[in-house]
file coords.pdb (PDB, C-alpha atoms and all ligand atoms)
ATOM      1  CA  MET G   1     137.990 -61.574-145.703  1.00  0.00           C
ATOM      2  CA  GLN G   2     136.999 -61.230-142.011  1.00  0.00           C
ATOM      3  CA  GLN G   3     134.516 -63.711-140.558  1.00  0.00           C
ATOM      4  CA  ALA G   4     131.327 -62.075-139.222  1.00  0.00           C
ATOM      5  CA  SER G   5     131.929 -63.640-135.826  1.00  0.00           C
ATOM      6  CA  PRO G   6     130.645 -62.135-132.577  1.00  0.00           C
ATOM      7  CA  ARG G   7     132.802 -62.035-129.423  1.00  0.00           C
ATOM      8  CA  ALA G   8     132.610 -65.226-127.317  1.00  0.00           C
ATOM      9  CA  PHE G   9     129.555 -65.173-125.018  1.00  0.00           C
ATOM     10  CA  ASN G  10     128.048 -62.175-126.841  1.00  0.00           C
ATOM     11  CA  GLY G  11     124.701 -64.018-126.733  1.00  0.00           C
ATOM     12  CA  LEU G  12     124.849 -63.949-122.917  1.00  0.00           C
ATOM     13  CA  VAL G  13     125.724 -60.250-122.967  1.00  0.00           C
ATOM     14  CA  THR G  14     122.802 -59.322-125.164  1.00  0.00           C
ATOM     15  CA  GLN G  15     120.396 -61.494-123.129  1.00  0.00           C
ATOM     16  CA  GLY G  16     121.572 -59.533-120.097  1.00  0.00           C
ATOM     17  CA  TRP G  17     120.700 -56.308-121.903  1.00  0.00           C
ATOM     18  CA  ASN G  18     117.211 -57.672-122.621  1.00  0.00           C
ATOM     19  CA  ARG G  19     116.697 -57.714-118.848  1.00  0.00           C
ATOM     20  CA  ALA G  20     118.344 -54.337-118.197  1.00  0.00           C
ATOM     21  CA  ALA G  21     116.388 -52.524-120.909  1.00  0.00           C
ATOM     22  CA  ARG G  22     113.835 -50.826-118.637  1.00  0.00           C
ATOM     23  CA  LEU G  23     116.313 -49.584-116.042  1.00  0.00           C
ATOM     24  CA  TYR G  24     118.499 -48.223-118.789  1.00  0.00           C
ATOM     25  CA  ASN G  25     116.242 -45.246-119.512  1.00  0.00           C
ATOM     26  CA  THR G  26     116.453 -43.888-115.925  1.00  0.00           C
ATOM     27  CA  PRO G  27     116.868 -40.099-116.432  1.00  0.00           C
ATOM     28  CA  ILE G  28     119.712 -39.636-113.907  1.00  0.00           C
ATOM     29  CA  LEU G  29     121.719 -42.496-115.432  1.00  0.00           C
ATOM     30  CA  GLN G  30     121.130 -41.097-118.892  1.00  0.00           C
ATOM     31  CA  ARG G  31     121.996 -37.513-117.914  1.00  0.00           C
ATOM     32  CA  LEU G  32     125.221 -38.375-116.111  1.00  0.00           C
ATOM     33  CA  ALA G  33     126.554 -41.351-118.026  1.00  0.00           C
ATOM     34  CA  TYR G  34     125.240 -41.404-121.558  1.00  0.00           C
ATOM     35  CA  ARG G  35     124.195 -37.899-122.649  1.00  0.00           C
ATOM     36  CA  PRO G  36     127.653 -36.268-122.847  1.00  0.00           C
ATOM     37  CA  PRO G  37     129.023 -38.781-125.378  1.00  0.00           C
ATOM     38  CA  GLN G  38     125.809 -38.531-127.367  1.00  0.00           C
ATOM     39  CA  ASP G  39     126.242 -34.741-127.532  1.00  0.00           C
ATOM     40  CA  GLU G  40     129.738 -35.265-128.955  1.00  0.00           C
ATOM     41  CA  ILE G  41     128.471 -37.654-131.623  1.00  0.00           C
ATOM     42  CA  ILE G  42     125.668 -35.283-132.672  1.00  0.00           C
ATOM     43  CA  ALA G  43     128.220 -32.474-133.039  1.00  0.00           C
ATOM     44  CA  GLN G  44     130.428 -34.664-135.260  1.00  0.00           C
ATOM     45  CA  LEU G  45     127.484 -35.664-137.459  1.00  0.00           C
ATOM     46  CA  ALA G  46     126.355 -32.061-137.808  1.00  0.00           C
ATOM     47  CA  LEU G  47     129.879 -30.987-138.767  1.00  0.00           C
ATOM     48  CA  ASN G  48     130.099 -33.712-141.408  1.00  0.00           C
ATOM     49  CA  ARG G  49     126.569 -33.276-142.732  1.00  0.00           C
ATOM     50  CA  ALA G  50     126.076 -37.036-142.876  1.00  0.00           C
ATOM     51  CA  ARG G  51     122.805 -37.998-144.589  1.00  0.00           C
ATOM     52  CA  ARG G  52     122.528 -41.759-143.918  1.00  0.00           C
ATOM     53  CA  ILE G  53     123.573 -42.669-140.402  1.00  0.00           C
ATOM     54  CA  VAL G  54     123.796 -45.939-138.473  1.00  0.00           C
ATOM     55  CA  ASP G  55     123.998 -46.141-134.681  1.00  0.00           C
ATOM     56  CA  VAL G  56     125.475 -49.564-133.840  1.00  0.00           C
ATOM     57  CA  GLY G  57     124.655 -51.049-130.429  1.00  0.00           C
ATOM     58  CA  CYS G  58     121.886 -48.437-130.249  1.00  0.00           C
ATOM     59  CA  GLY G  59     120.358 -49.896-127.065  1.00  0.00           C
ATOM     60  CA  THR G  60     117.046 -48.244-126.182  1.00  0.00           C
ATOM     61  CA  GLY G  61     117.518 -45.855-129.088  1.00  0.00           C
ATOM     62  CA  ILE G  62     118.069 -42.546-127.301  1.00  0.00           C
ATOM     63  CA  LEU G  63     120.951 -41.406-129.512  1.00  0.00           C
ATOM     64  CA  ALA G  64     119.415 -42.565-132.813  1.00  0.00           C
ATOM     65  CA  ALA G  65     116.111 -40.868-131.931  1.00  0.00           C
ATOM     66  CA  ARG G  66     117.981 -37.643-131.082  1.00  0.00           C
ATOM     67  CA  ILE G  67     119.876 -37.792-134.370  1.00  0.00           C
ATOM     68  CA  ALA G  68     116.575 -38.115-136.259  1.00  0.00           C
ATOM     69  CA  ALA G  69     114.941 -35.280-134.295  1.00  0.00           C
ATOM     70  CA  ASP G  70     117.897 -32.841-134.117  1.00  0.00           C
ATOM     71  CA  LEU G  71     119.552 -33.353-137.510  1.00  0.00           C
ATOM     72  CA  ALA G  72     116.665 -34.650-139.662  1.00  0.00           C
ATOM     73  CA  PRO G  73     118.979 -36.582-142.010  1.00  0.00           C
ATOM     74  CA  GLU G  74     117.760 -38.649-144.955  1.00  0.00           C
ATOM     75  CA  ALA G  75     117.872 -41.927-142.980  1.00  0.00           C
ATOM     76  CA  VAL G  76     118.772 -43.057-139.471  1.00  0.00           C
ATOM     77  CA  TYR G  77     119.207 -46.716-138.594  1.00  0.00           C
ATOM     78  CA  GLY G  78     119.509 -48.101-135.069  1.00  0.00           C
ATOM     79  CA  CYS G  79     121.024 -51.595-134.872  1.00  0.00           C
ATOM     80  CA  ASP G  80     121.271 -53.767-131.778  1.00  0.00           C
ATOM     81  CA  ALA G  81     121.599 -57.468-130.987  1.00  0.00           C
ATOM     82  CA  SER G  82     119.214 -57.275-127.987  1.00  0.00           C
ATOM     83  CA  ALA G  83     115.509 -57.633-128.792  1.00  0.00           C
ATOM     84  CA  GLY G  84     114.651 -56.238-125.322  1.00  0.00           C
ATOM     85  CA  MET G  85     116.613 -53.019-125.879  1.00  0.00           C
ATOM     86  CA  LEU G  86     115.148 -52.654-129.386  1.00  0.00           C
ATOM     87  CA  LYS G  87     111.607 -53.007-128.031  1.00  0.00           C
ATOM     88  CA  GLN G  88     112.186 -49.828-126.008  1.00  0.00           C
ATOM     89  CA  ALA G  89     113.747 -48.172-129.053  1.00  0.00           C
ATOM     90  CA  ILE G  90     110.781 -48.987-131.298  1.00  0.00           C
ATOM     91  CA  ALA G  91     108.423 -47.383-128.765  1.00  0.00           C
ATOM     92  CA  ARG G  92     110.635 -44.273-128.666  1.00  0.00           C
ATOM     93  CA  SER G  93     110.696 -43.181-132.299  1.00  0.00           C
ATOM     94  CA  GLY G  94     109.058 -43.965-135.596  1.00  0.00           C
ATOM     95  CA  ARG G  95     111.611 -41.818-137.453  1.00  0.00           C
ATOM     96  CA  VAL G  96     114.392 -44.373-137.082  1.00  0.00           C
ATOM     97  CA  GLU G  97     114.605 -47.708-138.870  1.00  0.00           C
ATOM     98  CA  TRP G  98     115.317 -50.180-136.048  1.00  0.00           C
ATOM     99  CA  ARG G  99     117.207 -53.319-137.027  1.00  0.00           C
ATOM    100  CA  HIS G 100     117.898 -56.463-135.028  1.00  0.00           C
ATOM    101  CA  HIS G 101     121.435 -56.988-136.273  1.00  0.00           C
ATOM    102  CA  ARG G 102     124.820 -57.605-134.729  1.00  0.00           C
ATOM    103  CA  ALA G 103     127.649 -55.137-135.270  1.00  0.00           C
ATOM    104  CA  GLU G 104     129.604 -57.843-137.044  1.00  0.00           C
ATOM    105  CA  ASP G 105     126.860 -58.438-139.655  1.00  0.00           C
ATOM    106  CA  LEU G 106     124.739 -55.327-140.186  1.00  0.00           C
ATOM    107  CA  GLY G 107     122.905 -56.516-143.285  1.00  0.00           C
ATOM    108  CA  PHE G 108     123.337 -53.342-145.401  1.00  0.00           C
ATOM    109  CA  PRO G 109     124.625 -53.389-148.986  1.00  0.00           C
ATOM    110  CA  ASP G 110     128.205 -52.189-149.564  1.00  0.00           C
ATOM    111  CA  ALA G 111     128.792 -48.407-149.325  1.00  0.00           C
ATOM    112  CA  ALA G 112     125.201 -47.808-148.168  1.00  0.00           C
ATOM    113  CA  VAL G 113     125.780 -45.189-145.450  1.00  0.00           C
ATOM    114  CA  ASP G 114     127.706 -41.954-144.785  1.00  0.00           C
ATOM    115  CA  ALA G 115     128.325 -42.375-141.057  1.00  0.00           C
ATOM    116  CA  VAL G 116     128.622 -45.152-138.483  1.00  0.00           C
ATOM    117  CA  VAL G 117     128.464 -44.141-134.823  1.00  0.00           C
ATOM    118  CA  SER G 118     128.546 -46.120-131.611  1.00  0.00           C
ATOM    119  CA  THR G 119     128.495 -45.125-127.946  1.00  0.00           C
ATOM    120  CA  HIS G 120     129.390 -47.427-125.065  1.00  0.00           C
ATOM    121  CA  ALA G 121     128.863 -50.621-127.011  1.00  0.00           C
ATOM    122  CA  PHE G 122     132.073 -51.258-129.003  1.00  0.00           C
ATOM    123  CA  HIS G 123     133.677 -53.141-126.077  1.00  0.00           C
ATOM    124  CA  PHE G 124     131.075 -55.897-126.579  1.00  0.00           C
ATOM    125  CA  PHE G 125     131.798 -56.330-130.281  1.00  0.00           C
ATOM    126  CA  ASP G 126     134.340 -58.539-131.957  1.00  0.00           C
ATOM    127  CA  HIS G 127     136.484 -55.533-132.834  1.00  0.00           C
ATOM    128  CA  ARG G 128     138.065 -56.684-136.084  1.00  0.00           C
ATOM    129  CA  SER G 129     134.856 -58.183-137.497  1.00  0.00           C
ATOM    130  CA  ALA G 130     132.827 -55.105-136.543  1.00  0.00           C
ATOM    131  CA  LEU G 131     135.363 -52.662-138.012  1.00  0.00           C
ATOM    132  CA  ALA G 132     135.518 -54.688-141.251  1.00  0.00           C
ATOM    133  CA  GLU G 133     131.729 -54.480-141.402  1.00  0.00           C
ATOM    134  CA  PHE G 134     131.718 -50.689-140.750  1.00  0.00           C
ATOM    135  CA  HIS G 135     134.295 -50.279-143.532  1.00  0.00           C
ATOM    136  CA  ARG G 136     132.191 -52.363-145.929  1.00  0.00           C
ATOM    137  CA  ILE G 137     128.940 -50.411-145.405  1.00  0.00           C
ATOM    138  CA  LEU G 138     130.508 -46.919-145.394  1.00  0.00           C
ATOM    139  CA  VAL G 139     131.071 -44.846-148.521  1.00  0.00           C
ATOM    140  CA  PRO G 140     134.715 -43.840-149.168  1.00  0.00           C
ATOM    141  CA  GLY G 141     135.375 -40.788-146.980  1.00  0.00           C
ATOM    142  CA  GLY G 142     132.526 -41.827-144.657  1.00  0.00           C
ATOM    143  CA  LEU G 143     132.604 -40.933-140.969  1.00  0.00           C
ATOM    144  CA  LEU G 144     133.235 -43.338-138.091  1.00  0.00           C
ATOM    145  CA  ALA G 145     132.767 -41.972-134.544  1.00  0.00           C
ATOM    146  CA  ILE G 146     133.055 -44.271-131.536  1.00  0.00           C
ATOM    147  CA  VAL G 147     132.898 -43.464-127.823  1.00  0.00           C
ATOM    148  CA  LEU G 148     134.387 -46.070-125.544  1.00  0.00           C
ATOM    149  CA  ASN G 149     135.292 -46.189-121.878  1.00  0.00           C
ATOM    150  CA  ASN G 150     138.992 -46.071-121.125  1.00  0.00           C
ATOM    151  CA  PRO G 151     139.177 -47.606-117.674  1.00  0.00           C
ATOM    152  CA  THR G 152     142.477 -46.892-115.980  1.00  0.00           C
ATOM    153  CA  GLY G 153     144.225 -47.967-112.775  1.00  0.00           C
ATOM    154  CA  ARG G 154     143.218 -50.969-110.674  1.00  0.00           C
ATOM    155  CA  PHE G 155     139.662 -50.923-111.976  1.00  0.00           C
ATOM    156  CA  ALA G 156     141.031 -51.222-115.491  1.00  0.00           C
ATOM    157  CA  ARG G 157     143.157 -54.220-114.663  1.00  0.00           C
ATOM    158  CA  ALA G 158     140.099 -56.003-113.242  1.00  0.00           C
ATOM    159  CA  LEU G 159     138.075 -55.149-116.333  1.00  0.00           C
ATOM    160  CA  GLN G 160     140.764 -56.244-118.737  1.00  0.00           C
ATOM    161  CA  SER G 161     141.392 -59.624-117.075  1.00  0.00           C
ATOM    162  CA  ALA G 162     141.260 -62.584-119.462  1.00  0.00           C
ATOM    163  CA  PRO G 163     137.877 -64.095-118.397  1.00  0.00           C
ATOM    164  CA  ILE G 164     136.165 -60.686-118.594  1.00  0.00           C
ATOM    165  CA  GLN G 165     137.694 -60.058-122.007  1.00  0.00           C
ATOM    166  CA  ARG G 166     135.571 -62.886-123.370  1.00  0.00           C
ATOM    167  CA  LEU G 167     132.506 -60.740-122.615  1.00  0.00           C
ATOM    168  CA  ALA G 168     133.913 -57.265-123.245  1.00  0.00           C
ATOM    169  CA  TYR G 169     137.243 -55.637-123.892  1.00  0.00           C
ATOM    170  CA  PHE G 170     138.026 -51.896-123.815  1.00  0.00           C
ATOM    171  CA  PRO G 171     141.009 -51.199-126.086  1.00  0.00           C
ATOM    172  CA  PRO G 172     143.004 -48.260-124.698  1.00  0.00           C
ATOM    173  CA  PRO G 173     143.112 -45.214-127.039  1.00  0.00           C
ATOM    174  CA  SER G 174     146.410 -46.140-128.772  1.00  0.00           C
ATOM    175  CA  GLU G 175     145.161 -49.675-129.433  1.00  0.00           C
ATOM    176  CA  MET G 176     141.825 -48.304-130.627  1.00  0.00           C
ATOM    177  CA  ARG G 177     143.626 -46.063-133.098  1.00  0.00           C
ATOM    178  CA  ALA G 178     145.735 -48.975-134.383  1.00  0.00           C
ATOM    179  CA  LEU G 179     142.693 -51.262-134.757  1.00  0.00           C
ATOM    180  CA  ILE G 180     140.723 -48.626-136.661  1.00  0.00           C
ATOM    181  CA  GLU G 181     143.613 -47.758-138.977  1.00  0.00           C
ATOM    182  CA  ALA G 182     144.314 -51.457-139.653  1.00  0.00           C
ATOM    183  CA  ALA G 183     140.690 -51.763-140.819  1.00  0.00           C
ATOM    184  CA  GLY G 184     141.204 -49.136-143.555  1.00  0.00           C
ATOM    185  CA  PHE G 185     140.408 -45.848-141.817  1.00  0.00           C
ATOM    186  CA  THR G 186     142.391 -42.695-141.012  1.00  0.00           C
ATOM    187  CA  VAL G 187     141.901 -41.463-137.456  1.00  0.00           C
ATOM    188  CA  THR G 188     141.305 -37.688-137.510  1.00  0.00           C
ATOM    189  CA  GLU G 189     140.591 -36.976-133.837  1.00  0.00           C
ATOM    190  CA  GLN G 190     140.877 -38.698-130.475  1.00  0.00           C
ATOM    191  CA  ARG G 191     140.160 -37.066-127.119  1.00  0.00           C
ATOM    192  CA  PRO G 192     138.315 -37.514-123.809  1.00  0.00           C
ATOM    193  CA  VAL G 193     134.572 -36.836-123.816  1.00  0.00           C
ATOM    194  CA  GLN G 194     133.788 -33.469-122.215  1.00  0.00           C
ATOM    195  CA  ARG G 195     131.709 -34.038-119.072  1.00  0.00           C
ATOM    196  CA  TYR G 196     130.032 -31.686-116.637  1.00  0.00           C
ATOM    197  CA  PRO G 197     129.571 -31.805-113.618  1.00  0.00           C
ATOM    198  CA  ILE G 198     131.392 -35.160-113.391  1.00  0.00           C
ATOM    199  CA  PRO G 199     135.110 -34.798-114.149  1.00  0.00           C
ATOM    200  CA  PRO G 200     136.280 -37.057-116.993  1.00  0.00           C
ATOM    201  CA  VAL G 201     138.631 -38.831-114.609  1.00  0.00           C
ATOM    202  CA  LEU G 202     135.613 -40.510-112.945  1.00  0.00           C
ATOM    203  CA  VAL G 203     134.063 -41.608-116.209  1.00  0.00           C
ATOM    204  CA  PRO G 204     137.067 -41.728-118.516  1.00  0.00           C
ATOM    205  CA  ASP G 205     135.551 -42.221-121.937  1.00  0.00           C
ATOM    206  CA  VAL G 206     137.257 -41.356-125.188  1.00  0.00           C
ATOM    207  CA  LEU G 207     135.884 -40.244-128.551  1.00  0.00           C
ATOM    208  CA  THR G 208     137.693 -41.569-131.628  1.00  0.00           C
ATOM    209  CA  VAL G 209     136.765 -40.107-135.037  1.00  0.00           C
ATOM    210  CA  ALA G 210     137.967 -41.548-138.331  1.00  0.00           C
ATOM    211  CA  ARG G 211     137.394 -41.398-142.092  1.00  0.00           C
ATOM    212  CA  ARG G 212     137.011 -44.458-144.262  1.00  0.00           C
ATOM    213  CA  ASP G 213     139.928 -44.540-146.715  1.00  0.00           C
TER     214      ASP G 213
HETATM  215  C1  LIG C   1     125.707 -49.999-122.710  1.00  0.00           C
HETATM  216  S1  LIG C   1     124.516 -50.330-123.993  1.00  0.00           S
HETATM  217  C2  LIG C   1     124.764 -48.845-124.935  1.00  0.00           C
HETATM  218  C3  LIG C   1     123.508 -48.425-125.639  1.00  0.00           C
HETATM  219  C4  LIG C   1     123.587 -47.097-126.386  1.00  0.00           C
HETATM  220  N1  LIG C   1     124.612 -47.090-127.402  1.00  0.00           N
HETATM  221  C5  LIG C   1     123.771 -45.933-125.449  1.00  0.00           C
HETATM  222  O1  LIG C   1     124.844 -45.301-125.442  1.00  0.00           O
HETATM  223  O2  LIG C   1     122.834 -45.625-124.704  1.00  0.00           O
HETATM  224  C6  LIG C   1     125.339 -51.558-125.005  1.00  0.00           C
HETATM  225  C7  LIG C   1     124.471 -52.125-126.117  1.00  0.00           C
HETATM  226  O3  LIG C   1     125.293 -52.911-126.989  1.00  0.00           O
HETATM  227  C8  LIG C   1     124.499 -53.985-127.475  1.00  0.00           C
HETATM  228  N2  LIG C   1     125.371 -55.040-128.033  1.00  0.00           N
HETATM  229  C9  LIG C   1     126.218 -55.871-127.382  1.00  0.00           C
HETATM  230  N3  LIG C   1     126.849 -56.661-128.252  1.00  0.00           N
HETATM  231  C10 LIG C   1     126.406 -56.327-129.495  1.00  0.00           C
HETATM  232  C11 LIG C   1     126.720 -56.759-130.821  1.00  0.00           C
HETATM  233  N4  LIG C   1     127.626 -57.719-131.047  1.00  0.00           N
HETATM  234  N5  LIG C   1     126.086 -56.162-131.852  1.00  0.00           N
HETATM  235  C12 LIG C   1     125.169 -55.180-131.653  1.00  0.00           C
HETATM  236  N6  LIG C   1     124.830 -54.736-130.424  1.00  0.00           N
HETATM  237  C13 LIG C   1     125.457 -55.290-129.357  1.00  0.00           C
HETATM  238  C14 LIG C   1     123.712 -54.428-126.243  1.00  0.00           C
HETATM  239  O4  LIG C   1     122.589 -55.226-126.595  1.00  0.00           O
HETATM  240  C15 LIG C   1     123.348 -53.076-125.630  1.00  0.00           C
HETATM  241  O5  LIG C   1     122.116 -52.613-126.098  1.00  0.00           O
END

call {"tool": "encode", "arguments": {"input": "coords.pdb", "output": "structure tokens", "more": "lines below"}}
Ligand SMILES: C[S@@+](CC[C@H](N)C(=O)[O-])C[C@H]1O[C@@H](n2cnc3c(N)ncnc32)[C@H](O)[C@@H]1O
result
Amino acid sequence: MQQASPRAFNGLVTQGWNRAARLYNTPILQRLAYRPPQDEIIAQLALNRARRIVDVGCGTGILAARIAADLAPEAVYGCDASAGMLKQAIARSGRVEWRHHRAEDLGFPDAAVDAVVSTHAFHFFDHRSALAEFHRILVPGGLLAIVLNNPTGRFARALQSAPIQRLAYFPPPSEMRALIEAAGFTVTEQRPVQRYPIPPVLVPDVLTVARRD
């Protein structure tokens, strides 16, 4: 059984997000950086007709609030380890159940949800613990959809250096696939997020979709 252990220094990371929470909602940042992956996740959820959905590392709650408004499922949960980010989320929508929980210990009963989604947060999680937790709370056949940056070139090497990895690590797509499958999922789709007007090469993020076995 996996330990529900966060990544080293995750407390520092989430304290940092407490401070960044207000800036995070800046419309230009949201439009250019965060909206395209959110569009992809909404499309996946609509396709799969998921009824009980968890957004893990939900931040200020923009995606979870959109899921509630656009898809009107039975239940939407937004989970984050940063109280500052969640404060913004709570002010945003009363249609989402906001939960102060880490990805590695989400506090749901077994097989409680149909879909787990996460955008631009998985790099902060302890990957194996978080994936074990997603597997535990999902029904068999449940949907997992994760968007993660795939930094390449020199920038990537700097980001993947050992000290930085203690705060965040971005598994490249092949490693992401292997991690997800080792946790008891079957990967059904993996491709770059479609972005306009910024070409994906400038913000190289990748969507990975899987089914819980
Ligand atoms: C870049 S923000 C992304 C927010 C949101 N998903 C979005 O796309 O707008 C990353 C979020 O991950 C959260 N986070 C970091 N480590 C976490 C953990 N172990 N469990 C849950 N949330 C975590 C941070 O507090 C922060 O709100």

call {"tool": "residues_near_ligand", "arguments": {"input": "coords.pdb", "ligand": "ligand LIG 1 (chain C)", "cutoff": "6 Å", "atoms": "all atoms listed in the file", "output": "list in words"}}
result
Pro6, Asn10, Thr14, Trp17, Tyr34, Gly57, Cys58, Gly59, Asp80, Ala81, Ser82, Met85, Arg102, Ala103, Ser118, Thr119, His120, Ala121, Phe124 and Phe125 of chain G

call {"tool": "resolve_selection", "arguments": {"input": "coords.pdb", "expression": "the PyMOL selection byres (((chain G and resi 207) around 10) and not hetatm)", "output": "PDB file with C-alpha atoms, in the coordinates of the input"}}
result
ATOM      1  CA  PRO G  37     129.023 -38.781-125.378  1.00  0.00           C
ATOM      2  CA  GLU G  40     129.738 -35.265-128.955  1.00  0.00           C
ATOM      3  CA  ILE G  41     128.471 -37.654-131.623  1.00  0.00           C
ATOM      4  CA  SER G 118     128.546 -46.120-131.611  1.00  0.00           C
ATOM      5  CA  THR G 119     128.495 -45.125-127.946  1.00  0.00           C
ATOM      6  CA  ALA G 145     132.767 -41.972-134.544  1.00  0.00           C
ATOM      7  CA  ILE G 146     133.055 -44.271-131.536  1.00  0.00           C
ATOM      8  CA  VAL G 147     132.898 -43.464-127.823  1.00  0.00           C
ATOM      9  CA  LEU G 148     134.387 -46.070-125.544  1.00  0.00           C
ATOM     10  CA  ASN G 149     135.292 -46.189-121.878  1.00  0.00           C
ATOM     11  CA  ASN G 150     138.992 -46.071-121.125  1.00  0.00           C
ATOM     12  CA  PRO G 173     143.112 -45.214-127.039  1.00  0.00           C
ATOM     13  CA  GLU G 189     140.591 -36.976-133.837  1.00  0.00           C
ATOM     14  CA  GLN G 190     140.877 -38.698-130.475  1.00  0.00           C
ATOM     15  CA  ARG G 191     140.160 -37.066-127.119  1.00  0.00           C
ATOM     16  CA  PRO G 192     138.315 -37.514-123.809  1.00  0.00           C
ATOM     17  CA  VAL G 193     134.572 -36.836-123.816  1.00  0.00           C
ATOM     18  CA  GLN G 194     133.788 -33.469-122.215  1.00  0.00           C
ATOM     19  CA  ASP G 205     135.551 -42.221-121.937  1.00  0.00           C
ATOM     20  CA  VAL G 206     137.257 -41.356-125.188  1.00  0.00           C
ATOM     21  CA  THR G 208     137.693 -41.569-131.628  1.00  0.00           C
ATOM     22  CA  VAL G 209     136.765 -40.107-135.037  1.00  0.00           C
TER      23      VAL G 209
END

call {"tool": "resolve_selection", "arguments": {"input": "coords.pdb", "expression": "the PyMOL selection byres (((chain G and resi 64) around 10) and not hetatm)", "output": "ChimeraX atom specification"}}
result
/G:38,42,53-56,58-63,65-70,76-79,89,92-93,95-98,117-118

call {"tool": "closest_residue", "arguments": {"input": "coords.pdb", "among": "G:Glu104, G:Asp114, G:Glu175, G:Glu181", "to": "G:Ser5", "atoms": "all atoms listed in the file"}}
result
G:Glu104

call {"tool": "axis_aligned_box", "arguments": {"input": "coords.pdb", "around": "stretch 94-102 of chain G", "padding_each_side": "5 Å", "output": "JSON"}}
result
{"center_x": 116.9, "center_y": -49.7, "center_z": -136.8, "size_x": 25.8, "size_y": 25.8, "size_z": 14.1}

call {"tool": "atom_distance", "arguments": {"input": "coords.pdb", "atom1": "atom CA of G:Ala50", "atom2": "atom CA of G:Val116"}}
result
9.6 Å

call {"tool": "closest_residue", "arguments": {"input": "coords.pdb", "among": "G:Ala8, G:Ala156, G:Val187, G:Val113", "to": "G:Pro172", "atoms": "all atoms listed in the file"}}
result
G:Ala156

call {"tool": "residues_around", "arguments": {"input": "coords.pdb", "residues": "stretch 138-140 of chain G", "least_positions_apart": "3", "cutoff": "12 Å", "atoms": "all atoms listed in the file", "output": "compact mmCIF listing (two decimals) with C-alpha atoms, in the frame of the given file"}}
result
# COMPACT_ATOMS: atom_id res chain seq x y z
CA ALA G 50 126.08 -37.04 -142.88
CA ARG G 51 122.80 -38.00 -144.59
CA ARG G 52 122.53 -41.76 -143.92
CA ILE G 53 123.57 -42.67 -140.40
CA VAL G 54 123.80 -45.94 -138.47
CA LEU G 106 124.74 -55.33 -140.19
CA PHE G 108 123.34 -53.34 -145.40
CA PRO G 109 124.62 -53.39 -148.99
CA ASP G 110 128.21 -52.19 -149.56
CA ALA G 111 128.79 -48.41 -149.32
CA ALA G 112 125.20 -47.81 -148.17
CA VAL G 113 125.78 -45.19 -145.45
CA ASP G 114 127.71 -41.95 -144.78
CA ALA G 115 128.32 -42.38 -141.06
CA VAL G 116 128.62 -45.15 -138.48
CA VAL G 117 128.46 -44.14 -134.82
CA LEU G 131 135.36 -52.66 -138.01
CA ALA G 132 135.52 -54.69 -141.25
CA GLU G 133 131.73 -54.48 -141.40
CA PHE G 134 131.72 -50.69 -140.75
CA HIS G 135 134.29 -50.28 -143.53
CA LEU G 143 132.60 -40.93 -140.97
CA LEU G 144 133.24 -43.34 -138.09
CA GLY G 184 141.20 -49.14 -143.56
CA PHE G 185 140.41 -45.85 -141.82
CA THR G 186 142.39 -42.70 -141.01
CA ALA G 210 137.97 -41.55 -138.33
CA ARG G 211 137.39 -41.40 -142.09
CA ARG G 212 137.01 -44.46 -144.26
CA ASP G 213 139.93 -44.54 -146.72

call {"tool": "closest_residue", "arguments": {"input": "coords.pdb", "among": "G:Leu12, G:Gln44, G:Ala91, G:Ala4", "to": "G:Arg128", "atoms": "all atoms listed in the file"}}
result
G:Ala4

call {"tool": "atom_distance", "arguments": {"input": "coords.pdb", "atom1": "atom CA of G:Gly84", "atom2": "atom CA of G:Ala21"}}
result
6.0 Å

call {"tool": "closest_residue", "arguments": {"input": "coords.pdb", "among": "G:Leu179, G:Ala83, G:Leu167, G:Ile137", "to": "G:Asn18", "atoms": "all atoms listed in the file"}}
result
G:Ala83

call {"tool": "resolve_selection", "arguments": {"input": "coords.pdb", "expression": "the PyMOL selection byres (((chain G and resi 168) around 9) and not hetatm)", "output": "list in words"}}
result
Arg7, Asn10, Val13, Phe122, His123, Phe124, Phe125, Asp126, Leu159, Gln160, Ile164, Gln165, Arg166, Leu167, Tyr169 and Phe170 of chain G

call {"tool": "atom_distance", "arguments": {"input": "coords.pdb", "atom1": "atom CA of G:Glu74", "atom2": "atom CA of G:Leu45"}}
result
12.6 Å
